[in-house]
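Dropping my_file02.json in here (JSON, C-alpha atoms and all ligand atoms):
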[["chain", "number", "residue", "atom", "x", "y", "z"],
["A", 1, "LEU", "CA", -11.55, 2.20, 9.24],
["A", 2, "LYS", "CA", -9.13, 4.70, 10.73],
["A", 3, "THR", "CA", -8.68, 7.41, 8.18],
["A", 4, "SER", "CA", -9.24, 11.10, 8.05],
["A", 5, "LEU", "CA", -9.21, 11.03, 4.26],
["A", 6, "PRO", "CA", -12.48, 11.92, 2.62],
["A", 7, "ALA", "CA", -13.47, 8.85, 0.59],
["A", 8, "GLU", "CA", -13.82, 10.90, -2.60],
["A", 9, "LEU", "CA", -10.08, 11.54, -2.60],
["A", 10, "VAL", "CA", -9.46, 7.90, -3.39],
["A", 11, "HIS", "CA", -11.03, 6.73, -6.61],
["A", 12, "LYS", "CA", -8.89, 4.03, -8.14],
["A", 13, "THR", "CA", -6.45, 1.42, -6.87],
["A", 14, "ARG", "CA", -4.87, -1.62, -8.49],
["A", 15, "TYR", "CA", -3.61, -5.15, -8.15],
["A", 16, "ALA", "CA", -0.18, -5.12, -9.83],
["A", 17, "PRO", "CA", 1.16, -8.68, -9.97],
["A", 18, "THR", "CA", 4.12, -9.72, -12.11],
["A", 19, "PRO", "CA", 3.93, -12.97, -14.13],
["A", 20, "SER", "CA", 7.40, -14.04, -13.07],
["A", 21, "GLY", "CA", 6.42, -16.76, -10.59],
["A", 22, "PHE", "CA", 3.40, -18.43, -9.02],
["A", 23, "LEU", "CA", 1.52, -16.26, -6.55],
["A", 24, "HIS", "CA", 1.86, -17.07, -2.83],
["A", 25, "LEU", "CA", -0.09, -16.30, 0.33],
["A", 26, "GLY", "CA", 1.65, -12.93, 0.61],
["A", 27, "ASN", "CA", 0.28, -11.88, -2.78],
["A", 28, "LEU", "CA", -3.18, -13.03, -1.73],
["A", 29, "TYR", "CA", -2.86, -10.98, 1.45],
["A", 30, "SER", "CA", -1.92, -7.90, -0.59],
["A", 31, "PHE", "CA", -4.84, -8.43, -3.01],
["A", 32, "ILE", "CA", -7.32, -8.82, -0.14],
["A", 33, "LEU", "CA", -6.04, -5.69, 1.60],
["A", 34, "THR", "CA", -6.38, -3.77, -1.68],
["A", 35, "ALA", "CA", -9.91, -5.12, -2.25],
["A", 36, "THR", "CA", -10.87, -4.30, 1.34],
["A", 37, "ILE", "CA", -9.65, -0.70, 1.10],
["A", 38, "ALA", "CA", -11.44, -0.33, -2.25],
["A", 39, "ARG", "CA", -14.62, -1.70, -0.71],
["A", 40, "ASN", "CA", -14.38, 0.66, 2.26],
["A", 41, "THR", "CA", -13.65, 3.77, 0.20],
["A", 42, "GLY", "CA", -15.70, 2.99, -2.89],
["A", 43, "ALA", "CA", -12.57, 3.06, -5.06],
["A", 44, "SER", "CA", -12.53, 0.98, -8.23],
["A", 45, "VAL", "CA", -9.85, -1.65, -8.85],
["A", 46, "LEU", "CA", -7.68, -2.04, -11.94],
["A", 47, "LEU", "CA", -5.80, -5.24, -12.72],
["A", 48, "ARG", "CA", -2.41, -4.09, -14.02],
["A", 49, "ILE", "CA", -0.03, -6.90, -14.86],
["A", 50, "ASP", "CA", 3.62, -5.90, -15.19],
["A", 51, "ASP", "CA", 5.07, -8.01, -17.99],
["A", 52, "MET", "CA", 7.92, -5.80, -19.16],
["A", 53, "ASP", "CA", 10.42, -8.36, -17.90],
["A", 54, "ARG", "CA", 10.07, -10.84, -20.76],
["A", 55, "GLU", "CA", 12.92, -13.05, -19.57],
["A", 56, "ARG", "CA", 11.04, -14.22, -16.50],
["A", 57, "PHE", "CA", 7.57, -14.09, -18.10],
["A", 58, "ARG", "CA", 5.80, -17.44, -18.40],
["A", 59, "SER", "CA", 2.32, -18.14, -19.66],
["A", 60, "GLU", "CA", 1.48, -20.37, -16.67],
["A", 61, "TYR", "CA", 2.32, -17.52, -14.29],
["A", 62, "LEU", "CA", -0.02, -15.24, -16.22],
["A", 63, "GLN", "CA", -2.80, -17.86, -16.08],
["A", 64, "ASN", "CA", -2.15, -18.29, -12.37],
["A", 65, "ILE", "CA", -2.99, -14.59, -11.80],
["A", 66, "PHE", "CA", -6.43, -14.94, -13.44],
["A", 67, "GLU", "CA", -7.11, -18.30, -11.76],
["A", 68, "THR", "CA", -6.24, -16.92, -8.34],
["A", 69, "LEU", "CA", -8.42, -13.82, -8.66],
["A", 70, "ARG", "CA", -11.34, -15.95, -9.89],
["A", 71, "PHE", "CA", -10.83, -18.66, -7.26],
["A", 72, "PHE", "CA", -11.10, -16.14, -4.41],
["A", 73, "GLU", "CA", -13.77, -14.02, -6.19],
["A", 74, "LEU", "CA", -11.55, -10.96, -5.89],
["A", 75, "PRO", "CA", -13.25, -8.18, -7.84],
["A", 76, "TYR", "CA", -11.83, -5.64, -10.28],
["A", 77, "GLN", "CA", -13.67, -3.33, -12.62],
["A", 78, "GLU", "CA", -10.93, -2.56, -15.13],
["A", 79, "GLY", "CA", -8.22, -4.60, -16.81],
["A", 80, "PRO", "CA", -7.90, -7.90, -18.66],
["A", 81, "LYS", "CA", -10.32, -10.72, -17.92],
["A", 82, "THR", "CA", -8.40, -13.50, -19.67],
["A", 83, "GLU", "CA", -4.90, -14.31, -20.83],
["A", 84, "ALA", "CA", -5.90, -13.65, -24.46],
["A", 85, "ASP", "CA", -7.47, -10.31, -23.54],
["A", 86, "PHE", "CA", -4.29, -9.39, -21.66],
["A", 87, "LEU", "CA", -1.95, -10.24, -24.53],
["A", 88, "GLN", "CA", -4.16, -8.49, -27.08],
["A", 89, "CYS", "CA", -5.00, -5.28, -25.23],
["A", 90, "TRP", "CA", -3.36, -4.86, -21.83],
["A", 91, "SER", "CA", 0.27, -5.99, -22.05],
["A", 92, "GLN", "CA", 2.86, -3.32, -21.25],
["A", 93, "GLN", "CA", 4.23, -4.01, -24.74],
["A", 94, "HIS", "CA", 1.23, -2.01, -26.05],
["A", 95, "ARG", "CA", 2.14, 1.06, -24.00],
["A", 96, "MET", "CA", 5.71, 1.44, -25.24],
["A", 97, "ASP", "CA", 4.78, 4.85, -26.72],
["A", 98, "SER", "CA", 3.92, 6.20, -23.23],
["A", 99, "TYR", "CA", 7.21, 4.99, -21.74],
["A", 100, "THR", "CA", 9.18, 6.46, -24.65],
["A", 101, "LYS", "CA", 7.35, 9.77, -24.27],
["A", 102, "ALA", "CA", 8.22, 9.94, -20.55],
["A", 103, "LEU", "CA", 11.87, 9.09, -21.30],
["A", 104, "ASP", "CA", 11.95, 11.82, -24.00],
["A", 105, "GLU", "CA", 10.55, 14.32, -21.54],
["A", 106, "LEU", "CA", 13.16, 13.42, -18.90],
["A", 107, "ARG", "CA", 15.88, 13.61, -21.52],
["A", 108, "GLN", "CA", 14.78, 17.06, -22.67],
["A", 109, "LYS", "CA", 14.86, 18.23, -19.08],
["A", 110, "GLU", "CA", 18.45, 16.89, -18.86],
["A", 111, "LEU", "CA", 17.52, 14.58, -16.04],
["A", 112, "LEU", "CA", 19.06, 11.49, -17.66],
["A", 113, "TYR", "CA", 22.61, 10.36, -18.18],
["A", 114, "PRO", "CA", 24.16, 7.25, -19.73],
["A", 115, "CYS", "CA", 25.95, 4.78, -17.50],
["A", 116, "ALA", "CA", 28.05, 1.73, -18.30],
["A", 117, "CYS", "CA", 28.71, 0.73, -14.68],
["A", 118, "THR", "CA", 28.06, -2.88, -13.80],
["A", 119, "ARG", "CA", 26.93, -4.11, -10.41],
["A", 120, "THR", "CA", 30.53, -5.14, -9.72],
["A", 121, "ASP", "CA", 31.78, -1.62, -10.58],
["A", 122, "LEU", "CA", 29.34, -0.17, -8.04],
["A", 123, "GLN", "CA", 30.30, -2.72, -5.39],
["A", 124, "LYS", "CA", 33.99, -1.93, -5.83],
["A", 125, "ALA", "CA", 33.20, 1.76, -5.41],
["A", 126, "GLY", "CA", 31.15, 1.02, -2.30],
["A", 127, "LEU", "CA", 27.93, 2.26, -3.88],
["A", 128, "GLN", "CA", 24.47, 0.75, -3.48],
["A", 129, "SER", "CA", 23.15, 2.49, -6.56],
["A", 130, "GLY", "CA", 24.06, 5.19, -9.08],
["A", 131, "CYS", "CA", 27.19, 5.67, -11.15],
["A", 132, "THR", "CA", 30.84, 5.59, -10.10],
["A", 133, "GLY", "CA", 31.28, 8.87, -11.96],
["A", 134, "ASN", "CA", 34.00, 7.41, -14.16],
["A", 135, "CYS", "CA", 31.80, 6.73, -17.14],
["A", 136, "SER", "CA", 29.14, 9.37, -17.68],
["A", 137, "SER", "CA", 31.26, 11.99, -19.40],
["A", 138, "SER", "CA", 32.57, 9.65, -22.05],
["A", 139, "TYR", "CA", 29.22, 8.38, -23.32],
["A", 140, "SER", "CA", 26.14, 9.73, -25.03],
["A", 141, "LEU", "CA", 22.55, 8.62, -24.43],
["A", 142, "ASP", "CA", 22.53, 7.62, -28.08],
["A", 143, "ASP", "CA", 25.28, 5.02, -27.60],
["A", 144, "PRO", "CA", 23.90, 1.49, -27.57],
["A", 145, "GLY", "CA", 24.11, -0.91, -24.64],
["A", 146, "LEU", "CA", 24.06, 1.64, -21.81],
["A", 147, "ASN", "CA", 21.72, 2.11, -18.89],
["A", 148, "TRP", "CA", 19.94, 5.44, -18.67],
["A", 149, "ARG", "CA", 20.00, 6.82, -15.16],
["A", 150, "TYR", "CA", 17.62, 9.40, -13.76],
["A", 151, "ARG", "CA", 19.27, 12.15, -11.68],
["A", 152, "THR", "CA", 17.43, 11.68, -8.43],
["A", 153, "PRO", "CA", 16.78, 14.73, -6.26],
["A", 154, "GLU", "CA", 18.70, 15.49, -3.07],
["A", 155, "GLN", "CA", 15.70, 16.78, -1.18],
["A", 156, "ALA", "CA", 13.18, 14.81, 0.86],
["A", 157, "GLN", "CA", 10.08, 13.44, -0.87],
["A", 158, "PHE", "CA", 6.58, 13.77, 0.49],
["A", 159, "LEU", "CA", 4.32, 10.76, 0.61],
["A", 160, "GLN", "CA", 0.60, 11.03, 1.13],
["A", 161, "LEU", "CA", -0.45, 8.32, 3.57],
["A", 162, "PHE", "CA", -3.83, 6.67, 3.99],
["A", 163, "THR", "CA", -4.12, 8.14, 7.47],
["A", 164, "GLY", "CA", -4.34, 11.57, 5.85],
["A", 165, "GLU", "CA", -0.82, 12.48, 6.95],
["A", 166, "THR", "CA", 1.89, 13.70, 4.61],
["A", 167, "ILE", "CA", 5.30, 12.35, 5.58],
["A", 168, "ALA", "CA", 8.70, 13.57, 4.37],
["A", 169, "TYR", "CA", 11.24, 10.86, 3.57],
["A", 170, "ASP", "CA", 14.91, 11.41, 2.85],
["A", 171, "PHE", "CA", 15.77, 10.18, -0.61],
["A", 172, "PRO", "CA", 17.05, 6.58, -0.11],
["A", 173, "VAL", "CA", 20.70, 5.88, -1.05],
["A", 174, "SER", "CA", 19.62, 2.52, -2.44],
["A", 175, "MET", "CA", 17.64, 4.37, -5.13],
["A", 176, "LYS", "CA", 20.28, 6.98, -6.03],
["A", 177, "ASP", "CA", 20.08, 7.73, -9.78],
["A", 178, "PHE", "CA", 18.00, 4.64, -10.43],
["A", 179, "ILE", "CA", 17.83, 3.17, -13.92],
["A", 180, "VAL", "CA", 14.87, 4.20, -16.08],
["A", 181, "ARG", "CA", 15.98, 2.54, -19.30],
["A", 182, "LYS", "CA", 17.95, -0.69, -19.39],
["A", 183, "ARG", "CA", 20.96, -1.61, -21.49],
["A", 184, "ASP", "CA", 18.75, -3.54, -23.89],
["A", 185, "GLY", "CA", 16.73, -0.39, -24.59],
["A", 186, "THR", "CA", 13.60, -1.40, -22.67],
["A", 187, "PRO", "CA", 12.06, 0.90, -20.07],
["A", 188, "ALA", "CA", 12.75, -0.14, -16.48],
["A", 189, "TYR", "CA", 10.26, -1.17, -13.82],
["A", 190, "GLN", "CA", 10.01, 2.11, -11.84],
["A", 191, "LEU", "CA", 9.37, 4.17, -14.96],
["A", 192, "CYS", "CA", 6.73, 1.78, -16.33],
["A", 193, "SER", "CA", 4.98, 1.65, -12.98],
["A", 194, "VAL", "CA", 4.73, 5.45, -12.66],
["A", 195, "VAL", "CA", 3.70, 5.95, -16.28],
["A", 196, "ASP", "CA", 1.04, 3.22, -16.06],
["A", 197, "ASP", "CA", -0.45, 4.34, -12.75],
["A", 198, "THR", "CA", -0.56, 7.92, -14.08],
["A", 199, "ARG", "CA", -2.13, 6.85, -17.37],
["A", 200, "PHE", "CA", -4.84, 4.78, -15.67],
["A", 201, "GLY", "CA", -5.56, 7.43, -13.02],
["A", 202, "VAL", "CA", -4.57, 5.24, -10.06],
["A", 203, "ASN", "CA", -4.43, 7.35, -6.91],
["A", 204, "LEU", "CA", -4.24, 4.72, -4.19],
["A", 205, "VAL", "CA", -1.30, 2.33, -4.16],
["A", 206, "VAL", "CA", -1.16, -0.67, -1.83],
["A", 207, "ARG", "CA", 2.16, -2.49, -1.60],
["A", 208, "GLY", "CA", 4.48, -4.19, 0.87],
["A", 209, "VAL", "CA", 6.65, -2.12, 3.18],
["A", 210, "ASP", "CA", 9.67, -3.64, 1.39],
["A", 211, "LEU", "CA", 8.74, -1.33, -1.50],
["A", 212, "LEU", "CA", 8.73, 1.88, 0.54],
["A", 213, "GLU", "CA", 12.01, 3.05, -1.04],
["A", 214, "SER", "CA", 10.57, 2.26, -4.43],
["A", 215, "SER", "CA", 7.54, 4.44, -3.64],
["A", 216, "ILE", "CA", 9.80, 7.35, -2.65],
["A", 217, "ALA", "CA", 11.73, 6.92, -5.92],
["A", 218, "GLN", "CA", 8.51, 6.81, -7.93],
["A", 219, "VAL", "CA", 7.09, 9.93, -6.29],
["A", 220, "ALA", "CA", 10.32, 11.77, -7.17],
["A", 221, "LEU", "CA", 10.15, 10.54, -10.76],
["A", 222, "SER", "CA", 6.53, 11.61, -11.05],
["A", 223, "GLN", "CA", 7.45, 15.12, -9.84],
["A", 224, "SER", "CA", 9.85, 15.38, -12.78],
["A", 225, "LEU", "CA", 7.12, 14.69, -15.31],
["A", 226, "GLU", "CA", 4.60, 17.20, -16.59],
["A", 227, "ASN", "CA", 1.73, 14.88, -15.69],
["A", 228, "ASN", "CA", 2.68, 14.44, -12.05],
["A", 229, "THR", "CA", -0.63, 13.26, -10.57],
["A", 230, "TYR", "CA", 1.00, 10.08, -9.29],
["A", 231, "ALA", "CA", 3.11, 12.13, -6.85],
["A", 232, "SER", "CA", 0.01, 12.85, -4.78],
["A", 233, "ALA", "CA", -1.35, 9.28, -4.85],
["A", 234, "VAL", "CA", -2.18, 7.83, -1.45],
["A", 235, "GLN", "CA", 0.35, 5.18, -0.42],
["A", 236, "VAL", "CA", -0.38, 2.21, 1.82],
["A", 237, "HIS", "CA", 2.64, 0.10, 2.82],
["A", 238, "HIS", "CA", 1.55, -3.10, 4.47],
["A", 239, "PRO", "CA", 3.55, -5.43, 6.73],
["A", 240, "LEU", "CA", 5.02, -8.48, 5.04],
["A", 241, "LEU", "CA", 3.47, -11.85, 5.59],
["A", 242, "LYS", "CA", 5.95, -14.50, 6.69],
["A", 243, "ASP", "CA", 5.88, -18.24, 6.11],
["A", 244, "ALA", "CA", 5.28, -20.80, 8.87],
["A", 245, "THR", "CA", 8.96, -20.65, 9.84],
["A", 246, "GLY", "CA", 9.01, -16.85, 10.03],
["A", 247, "HIS", "CA", 10.85, -16.25, 6.77],
["A", 248, "LYS", "CA", 9.93, -13.86, 4.00],
["A", 249, "LEU", "CA", 7.69, -15.40, 1.34],
["A", 250, "SER", "CA", 9.03, -15.47, -2.18],
["A", 251, "LYS", "CA", 7.63, -16.60, -5.47],
["A", 252, "SER", "CA", 8.29, -20.29, -5.78],
["A", 253, "GLU", "CA", 6.61, -23.57, -6.46],
["A", 254, "GLY", "CA", 6.96, -24.55, -2.83],
["A", 255, "ALA", "CA", 4.31, -25.40, -0.28],
["A", 256, "GLU", "CA", 3.24, -21.77, 0.09],
["A", 257, "SER", "CA", 2.49, -21.45, -3.61],
["A", 258, "LEU", "CA", -1.24, -20.87, -4.07],
["A", 259, "ASN", "CA", -1.04, -22.86, -7.28],
["A", 260, "THR", "CA", 0.17, -25.94, -5.40],
["A", 261, "LEU", "CA", -2.42, -25.49, -2.64],
["A", 262, "ILE", "CA", -5.31, -24.96, -5.07],
["A", 263, "LYS", "CA", -4.24, -27.89, -7.27],
["A", 264, "SER", "CA", -4.04, -30.12, -4.19],
["A", 265, "GLY", "CA", -7.77, -29.57, -3.68],
["A", 266, "CYS", "CA", -7.90, -26.87, -0.98],
["A", 267, "THR", "CA", -11.10, -24.82, -1.01],
["A", 268, "PRO", "CA", -11.06, -21.00, -0.99],
["A", 269, "SER", "CA", -12.33, -21.06, 2.57],
["A", 270, "GLN", "CA", -9.51, -23.40, 3.72],
["A", 271, "LEU", "CA", -6.88, -21.17, 2.14],
["A", 272, "LEU", "CA", -8.41, -18.01, 3.58],
["A", 273, "THR", "CA", -8.38, -19.69, 7.00],
["A", 274, "LEU", "CA", -4.69, -20.46, 6.51],
["A", 275, "LEU", "CA", -4.11, -16.82, 5.58],
["A", 276, "ALA", "CA", -6.05, -15.64, 8.62],
["A", 277, "GLN", "CA", -3.92, -17.86, 10.89],
["A", 278, "ARG", "CA", -0.77, -16.45, 9.33],
["A", 279, "CYS", "CA", -2.10, -12.92, 9.99],
["A", 280, "GLY", "CA", -2.91, -13.78, 13.59],
["A", 281, "ILE", "CA", -6.65, -13.38, 12.96],
["A", 282, "SER", "CA", -8.64, -15.64, 15.25],
["A", 283, "TYR", "CA", -12.20, -15.10, 14.02],
["A", 284, "PRO", "CA", -13.56, -17.47, 11.34],
["A", 285, "VAL", "CA", -13.28, -16.47, 7.68],
["A", 286, "SER", "CA", -14.81, -18.10, 4.62],
["A", 287, "HIS", "CA", -14.68, -15.26, 2.07],
["A", 288, "TRP", "CA", -12.29, -12.37, 1.46],
["A", 289, "THR", "CA", -14.98, -9.91, 2.62],
["A", 290, "ASP", "CA", -14.69, -11.42, 6.11],
["A", 291, "PHE", "CA", -11.30, -9.73, 6.53],
["A", 292, "THR", "CA", -11.29, -6.22, 7.97],
["A", 293, "TYR", "CA", -8.84, -3.42, 7.33],
["A", 294, "SER", "CA", -7.80, -3.24, 10.95],
["A", 295, "ALA", "CA", -7.23, -7.01, 11.24],
["A", 296, "LEU", "CA", -5.23, -7.06, 8.00],
["A", 297, "THR", "CA", -2.99, -4.16, 8.96],
["A", 298, "SER", "CA", -2.27, -5.19, 12.53],
["A", 299, "ILE", "CA", -0.41, -8.40, 11.68],
["A", 300, "VAL", "CA", 2.93, -8.95, 13.39],
["A", 401, "ZN", "ZN", 28.28, 4.70, -14.56]]

Could you rewrite the structure in this file as structure tokens?
Amino acid sequence: LKTSLPAELVHKTRYAPTPSGFLHLGNLYSFILTATIARNTGASVLLRIDDMDRERFRSEYLQNIFETLRFFELPYQEGPKTEADFLQCWSQQHRMDSYTKALDELRQKELLYPCACTRTDLQKAGLQSGCTGNCSSSYSLDDPGLNWRYRTPEQAQFLQLFTGETIAYDFPVSMKDFIVRKRDGTPAYQLCSVVDDTRFGVNLVVRGVDLLESSIAQVALSQSLENNTYASAVQVHHPLLKDATGHKLSKSEGAESLNTLIKSGCTPSQLLTLLAQRCGISYPVSHWTDFTYSALTSIV
């Protein structure tokens, strides 16, 4: 394992699936990489299921998360063990007080502003994210039905990488003044993610490279909070697994859905072999522990 990080710097990581679709091979790849890094560093693993988006939430997707982790014997030491346990104790709905507290803190620091802009308004103004500037002065954060935007910093953000390096990234335009509370009053994804990882003491985050801009945004947000431990979490951004035709995998009920493959009678070993092929790994695998960090991170 190529890292100059002392193992004791990394003590907890997490699987963070969303019950908004059936898991696919790409999710399995991400779980196995997380489990492998945890195994190599001695870090513990938390299962943190993001269910704030209730519109896309479905019980069968939630079940699919537990079934998949069990099927592949992927370990975790903290988090829900069953759907009932999740709903009773671990749902993000139970941590609303933490999200509200973080929003209050940002509000007191005058880092929030209300915004009525729609996606179309932003497009017309040629903006990827943020506010057109035509609405913020006429509204108050107490008005209903508005997004709350976080004033993102201008300066570069520093990410702590698994290699031991600290890299400065310019703040991405796509994340400019990202939304931390939605029109319907619920806290938004980035805020919940930072608050949860901070609360659970996660200090190693493994996610796809497509979420690099999200990581930069989250580090900035963490810096604005009094409890800013998340800002120094170690970040691992892995390559994205593609399907057989070279396209990005997305949550679906298609052929690459683990649910479909498992229900069709594939064994764990068969599916892990399929994953290995997709990663360009030529040695035989029959269990997730057969994958190595270097093989998993050198996929093309
Ligand atoms: Zn606006």

Exercise for the section: Could you check which of A:Ser294, A:Ser257, A:Asn147, A:Thr229 is closest to ligand ZN 401 (chain A), using only C-alpha atoms and all ligand atoms? Expected result: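 Once distances to ligand ZN 401 (chain A) are computed over only C-alpha atoms and all ligand atoms, the minimum belongs to A:Asn147.
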
Practice task
One decimal, Å: what's the distance from CA of Leu33 (chain A) over to CA of Asp290 (chain A), could you say?
Solution key: 11.3 Å

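Restricting the atom set to all atoms listed in the file, one finds that the residues within 10 Å of ligand ZN 401 (chain A) amount to A:Tyr113, A:Pro114, A:Cys115, A:Ala116, A:Cys117, A:Thr118, A:Arg119, A:Asp121, A:Leu122, A:Ser129, A:Gly130, A:Cys131, A:Thr132, A:Gly133, A:Asn134, A:Cys135, A:Ser136, A:Ser137, A:Ser138, A:Tyr139, A:Leu146, A:Asn147, A:Trp148, A:Arg149, A:Asp177.
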
Emit as AutoDock Vina command-line options the padded axis-aligned box for all listed atoms of region 217-228 of chain A, 5 Å per side, with centre and edge lengths in Å to one decimal.
--center_x 6.7 --center_y 12.0 --center_z -11.3 --size_x 20.0 --size_y 20.4 --size_z 20.7

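The space separating CA of Leu204 (chain A) from CA of Tyr29 (chain A) comes to 16.7 Å.
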
Handout entry: Option closest in space to Tyr15 (chain A), from A:Gln160, A:Thr273, A:Gln77, A:Ser59 [counting all atoms listed in the file]
Key =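 Comparing A:Gln160, A:Thr273, A:Gln77, A:Ser59 against Tyr15 (chain A), the winner is A:Gln77.
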
Problem - Which residue of A:Gln93, A:Ser269, A:Thr13, A:Ser20 approaches Gly79 (chain A) most closely, using only C-alpha atoms - result: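 Nearest candidate to Gly79 (chain A) out of A:Gln93, A:Ser269, A:Thr13, A:Ser20: A:Thr13.
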
Problem - Residue contacts of Tyr99 (chain A) (9 Å, only C-alpha atoms) excluding same-chain residues fewer than 5 positions away, as a list in words - result: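 In the requested format, the answer is Asp104, Pro187, Leu191, Cys192, Val195 and Asp196 of chain A.
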
Would you mind exporting the chosen residues as a PDB file, in the coordinates of the input, restricted to C-alpha atoms?
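Full text of part-v8.pdb as output:
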ATOM      1  CA  ASP A 104      11.950  11.820 -24.000  1.00  0.00           C
ATOM      2  CA  PRO A 187      12.060   0.900 -20.070  1.00  0.00           C
ATOM      3  CA  LEU A 191       9.370   4.170 -14.960  1.00  0.00           C
ATOM      4  CA  CYS A 192       6.730   1.780 -16.330  1.00  0.00           C
ATOM      5  CA  VAL A 195       3.700   5.950 -16.280  1.00  0.00           C
ATOM      6  CA  ASP A 196       1.040   3.220 -16.060  1.00  0.00           C
TER       7      ASP A 196
END

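Going from CA of Asn40 (chain A) over to CA of Ala220 (chain A), you cover 28.7 Å.
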
Practice task
Could you check which of A:Tyr189, A:Thr198, A:Ser214, A:Thr267 is closest to Val173 (chain A), using all atoms listed in the file?
Solution key: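 Using all atoms listed in the file, Val173 (chain A) sits closest to A:Ser214.
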
Completion exercise
Using all atoms listed in the file, the shortest atom-to-atom distance to Leu241 (chain A) among A:His24, A:Arg54, A:Lys176, A:Lys109 belongs to A:His24

Problem - Distance criterion (all atoms listed in the file): nearest to Asp97 (chain A) out of A:Thr36, A:Thr297, A:Thr186, A:Asn203 - result: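 Among the listed residues, the smallest separation from Asp97 (chain A) belongs to A:Thr186.
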
Practice task
Would you list the contacts of Thr68 (chain A) as a PyMOL selection string, taking every protein, DNA or RNA residue within 12 Å and counting all atoms listed in the file, but skipping same-chain residues closer than 2 positions in sequence?
Solution key: chain A and resi 17+22-25+27-29+31-32+60-66+70-75+257-263+267-268+271

Using only C-alpha atoms, what table do you get, as CSV, when you list each residue of region 104-175 of chain A with an atom no more than 10 Å from region 208-212 of chain A, its nearest pair of atoms, and their distance in Å rounded to one decimal, rows by chain then rising number?
residue,atom,partner,partner_atom,distance
A:Leu159,CA,A:Leu212,CA,9.9
A:Tyr169,CA,A:Leu212,CA,9.8
A:Pro172,CA,A:Leu212,CA,9.6

Practice task
Extract, using all atoms listed in the file, all DNA, RNA and protein residues at most 9 Å from Ser224 (chain A), discarding same-chain residues fewer than 4 positions from it, and format them as a list in words.
Solution key: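 Residues meeting the cut-off are Glu105, Leu106, Lys109, Leu111, Val219, Ala220 and Asn228 of chain A.
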